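J.: Contents of upload.pdb (PDB, C-alpha atoms, pLDDT in the B column):
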MODEL        1
ATOM      1  CA  MET A1280      88.901  99.233 104.185  1.00 61.00           C
ATOM      2  CA  ARG A1281      86.710  99.856 107.197  1.00 66.00           C
ATOM      3  CA  GLN A1282      87.873 101.292 110.477  1.00 73.00           C
ATOM      4  CA  GLY A1283      86.019 102.019 113.690  1.00 77.00           C
ATOM      5  CA  HIS A1284      83.411 100.196 115.741  1.00 79.00           C
ATOM      6  CA  HIS A1285      80.589  98.142 114.208  1.00 79.00           C
ATOM      7  CA  SER A1286      77.637  96.200 115.573  1.00 84.00           C
ATOM      8  CA  ALA A1287      77.823  92.423 115.748  1.00 83.00           C
ATOM      9  CA  GLY A1288      77.206  90.758 112.406  1.00 86.00           C
ATOM     10  CA  LEU A1289      78.760  89.443 109.226  1.00 87.00           C
ATOM     11  CA  TYR A1290      80.935  91.804 107.194  1.00 82.00           C
ATOM     12  CA  ALA A1291      82.882  91.608 103.952  1.00 84.00           C
ATOM     13  CA  VAL A1292      85.998  93.680 103.423  1.00 81.00           C
ATOM     14  CA  SER A1293      87.364  94.719 100.053  1.00 87.00           C
ATOM     15  CA  TRP A1294      90.328  96.814  98.930  1.00 89.00           C
ATOM     16  CA  ASP A1295      90.573  98.616  95.605  1.00 93.00           C
ATOM     17  CA  GLY A1296      94.378  98.365  95.542  1.00 94.00           C
ATOM     18  CA  LYS A1297      94.852 102.071  96.198  1.00 94.00           C
ATOM     19  CA  SER A1298      96.708 103.847  98.995  1.00 92.00           C
ATOM     20  CA  ASP A1299      95.107 106.279 101.446  1.00 90.00           C
ATOM     21  CA  THR A1300      95.951 109.079  98.994  1.00 95.00           C
ATOM     22  CA  GLY A1301      94.188 107.347  96.093  1.00 95.00           C
ATOM     23  CA  GLU A1302      97.353 106.321  94.261  1.00 97.00           C
ATOM     24  CA  PRO A1303      97.655 102.738  92.978  1.00 97.00           C
ATOM     25  CA  ALA A1304      99.604 100.616  95.468  1.00 97.00           C
ATOM     26  CA  ALA A1305     102.694  98.803  94.223  1.00 97.00           C
ATOM     27  CA  SER A1306     102.728  95.052  93.671  1.00 97.00           C
ATOM     28  CA  GLY A1307     103.652  93.222  96.845  1.00 98.00           C
ATOM     29  CA  VAL A1308     102.412  91.520  99.974  1.00 98.00           C
ATOM     30  CA  TYR A1309     100.316  93.595 102.372  1.00 95.00           C
ATOM     31  CA  LEU A1310      99.087  92.722 105.861  1.00 95.00           C
ATOM     32  CA  CYS A1311      95.460  93.175 106.913  1.00 91.00           C
ATOM     33  CA  LYS A1312      94.886  93.209 110.681  1.00 92.00           C
ATOM     34  CA  MET A1313      91.364  92.557 111.993  1.00 87.00           C
ATOM     35  CA  ALA A1314      90.488  93.012 115.656  1.00 87.00           C
ATOM     36  CA  ALA A1315      87.256  92.508 117.608  1.00 83.00           C
ATOM     37  CA  GLY A1316      87.491  92.649 121.379  1.00 84.00           C
ATOM     38  CA  GLU A1317      90.290  90.272 122.330  1.00 92.00           C
ATOM     39  CA  PHE A1318      90.195  88.561 118.919  1.00 92.00           C
ATOM     40  CA  VAL A1319      92.993  89.673 116.586  1.00 94.00           C
ATOM     41  CA  GLN A1320      93.799  88.125 113.220  1.00 94.00           C
ATOM     42  CA  THR A1321      96.309  89.139 110.560  1.00 96.00           C
ATOM     43  CA  ARG A1322      96.041  88.022 106.928  1.00 94.00           C
ATOM     44  CA  LYS A1323      98.413  88.433 104.008  1.00 95.00           C
ATOM     45  CA  LEU A1324      97.081  90.053 100.837  1.00 93.00           C
ATOM     46  CA  ALA A1325      99.029  89.690  97.585  1.00 95.00           C
ATOM     47  CA  LEU A1326      98.648  92.478  95.024  1.00 96.00           C
ATOM     48  CA  LEU A1327      99.939  91.730  91.526  1.00 96.00           C
ATOM     49  CA  ARG A1328      99.918  94.429  88.876  1.00 91.00           C
TER      50      ARG A1328
ENDMDL
END
Show me, as structure tokens, the structure contained in the file I just sent.
T.:
Amino acid sequence: MRQGHHSAGLYAVSWDGKSDTGEPAASGVYLCKMAAGEFVQTRKLALLR
């Protein structure tokens, strides 16, 4: 997933189901937090293996 600052615009985010170390993540519910200025939104992602 992306981190850092980006110009205004439309973006799509994807996750390959791997951890930061490149290992496959376990099945479960993960939280994705998105923030832009004062806007903050958290979404649940379900990964089923």
J.: Could you write out as a list in words the residues that the PyMOL selection byres ((chain A and resi 1324) around 12) matches in the shown file?
T.: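 In the shown coordinates, the PyMOL selection byres ((chain A and resi 1324) around 12) covers Val1292, Ser1293, Trp1294, Asp1295, Gly1296, Ser1306, Gly1307, Val1308, Tyr1309, Leu1310, Cys1311, Lys1312, Thr1321, Arg1322, Lys1323, Ala1325, Leu1326 and Leu1327 of chain A.
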J.: May I have the residues within 12 Å of Ala1287 in chain A as a PyMOL selection string, using all atoms listed in the file and disregarding those fewer than 3 positions away in the same chain?
T.: chain A and resi 1284+1290+1315-1316
J.: Between CA of Gly1301 in chain A and CA of Gln1282 in chain A, what is the distance in Å, rounded to a tenth?
T.: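 About the pair CA of Gly1301 in chain A and CA of Gln1282 in chain A: they are 16.8 Å apart.
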J.: Can you work out the spacing between CA of Ala1291 in chain A and CA of Glu1317 in chain A in Å, to one decimal?
T.: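 Between these atoms lies a distance of 19.9 Å.
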J.: Generate the coordinates of N, CA and C atoms for range 1288-1307 of chain A; report them as a PDB file, keeping the file's coordinate frame.
T.:
ATOM      1  N   GLY A1288      77.774  91.181 113.684  1.00 86.00           N
ATOM      2  CA  GLY A1288      77.206  90.758 112.406  1.00 86.00           C
ATOM      3  C   GLY A1288      78.275  90.236 111.476  1.00 86.00           C
ATOM      4  N   LEU A1289      77.873  89.952 110.258  1.00 87.00           N
ATOM      5  CA  LEU A1289      78.760  89.443 109.226  1.00 87.00           C
ATOM      6  C   LEU A1289      79.159  90.596 108.319  1.00 87.00           C
ATOM      7  N   TYR A1290      80.443  90.718 108.029  1.00 82.00           N
ATOM      8  CA  TYR A1290      80.935  91.804 107.194  1.00 82.00           C
ATOM      9  C   TYR A1290      81.882  91.266 106.138  1.00 82.00           C
ATOM     10  N   ALA A1291      81.913  91.911 105.011  1.00 84.00           N
ATOM     11  CA  ALA A1291      82.882  91.608 103.952  1.00 84.00           C
ATOM     12  C   ALA A1291      83.765  92.835 103.788  1.00 84.00           C
ATOM     13  N   VAL A1292      85.042  92.589 103.574  1.00 81.00           N
ATOM     14  CA  VAL A1292      85.998  93.680 103.423  1.00 81.00           C
ATOM     15  C   VAL A1292      86.614  93.587 102.040  1.00 81.00           C
ATOM     16  N   SER A1293      86.703  94.709 101.358  1.00 87.00           N
ATOM     17  CA  SER A1293      87.364  94.719 100.053  1.00 87.00           C
ATOM     18  C   SER A1293      88.343  95.884  99.994  1.00 87.00           C
ATOM     19  N   TRP A1294      89.309  95.777  99.108  1.00 89.00           N
ATOM     20  CA  TRP A1294      90.328  96.814  98.930  1.00 89.00           C
ATOM     21  C   TRP A1294      90.484  97.045  97.440  1.00 89.00           C
ATOM     22  N   ASP A1295      90.463  98.286  97.025  1.00 93.00           N
ATOM     23  CA  ASP A1295      90.573  98.616  95.605  1.00 93.00           C
ATOM     24  C   ASP A1295      92.014  98.691  95.108  1.00 93.00           C
ATOM     25  N   GLY A1296      92.979  98.356  95.950  1.00 94.00           N
ATOM     26  CA  GLY A1296      94.378  98.365  95.542  1.00 94.00           C
ATOM     27  C   GLY A1296      94.999  99.744  95.512  1.00 94.00           C
ATOM     28  N   LYS A1297      94.335 100.704  96.166  1.00 94.00           N
ATOM     29  CA  LYS A1297      94.852 102.071  96.198  1.00 94.00           C
ATOM     30  C   LYS A1297      95.295 102.432  97.612  1.00 94.00           C
ATOM     31  N   SER A1298      96.225 103.370  97.699  1.00 92.00           N
ATOM     32  CA  SER A1298      96.708 103.847  98.995  1.00 92.00           C
ATOM     33  C   SER A1298      95.690 104.813  99.598  1.00 92.00           C
ATOM     34  N   ASP A1299      95.984 105.300 100.791  1.00 90.00           N
ATOM     35  CA  ASP A1299      95.107 106.279 101.446  1.00 90.00           C
ATOM     36  C   ASP A1299      94.976 107.560 100.634  1.00 90.00           C
ATOM     37  N   THR A1300      95.972 107.856  99.809  1.00 95.00           N
ATOM     38  CA  THR A1300      95.951 109.079  98.994  1.00 95.00           C
ATOM     39  C   THR A1300      95.292 108.866  97.636  1.00 95.00           C
ATOM     40  N   GLY A1301      94.860 107.635  97.350  1.00 95.00           N
ATOM     41  CA  GLY A1301      94.188 107.347  96.093  1.00 95.00           C
ATOM     42  C   GLY A1301      95.104 106.881  94.978  1.00 95.00           C
ATOM     43  N   GLU A1302      96.390 106.795  95.254  1.00 97.00           N
ATOM     44  CA  GLU A1302      97.353 106.321  94.261  1.00 97.00           C
ATOM     45  C   GLU A1302      97.343 104.793  94.223  1.00 97.00           C
ATOM     46  N   PRO A1303      97.572 104.200  93.047  1.00 97.00           N
ATOM     47  CA  PRO A1303      97.655 102.738  92.978  1.00 97.00           C
ATOM     48  C   PRO A1303      98.815 102.221  93.835  1.00 97.00           C
ATOM     49  N   ALA A1304      98.558 101.216  94.635  1.00 97.00           N
ATOM     50  CA  ALA A1304      99.604 100.616  95.468  1.00 97.00           C
ATOM     51  C   ALA A1304     100.492  99.742  94.591  1.00 97.00           C
ATOM     52  N   ALA A1305     101.744  99.627  94.968  1.00 97.00           N
ATOM     53  CA  ALA A1305     102.694  98.803  94.223  1.00 97.00           C
ATOM     54  C   ALA A1305     102.397  97.322  94.443  1.00 97.00           C
ATOM     55  N   SER A1306     102.826  96.503  93.494  1.00 97.00           N
ATOM     56  CA  SER A1306     102.728  95.052  93.671  1.00 97.00           C
ATOM     57  C   SER A1306     103.489  94.652  94.920  1.00 97.00           C
ATOM     58  N   GLY A1307     102.967  93.686  95.646  1.00 98.00           N
ATOM     59  CA  GLY A1307     103.652  93.222  96.845  1.00 98.00           C
ATOM     60  C   GLY A1307     102.705  92.505  97.774  1.00 98.00           C
TER      61      GLY A1307
END
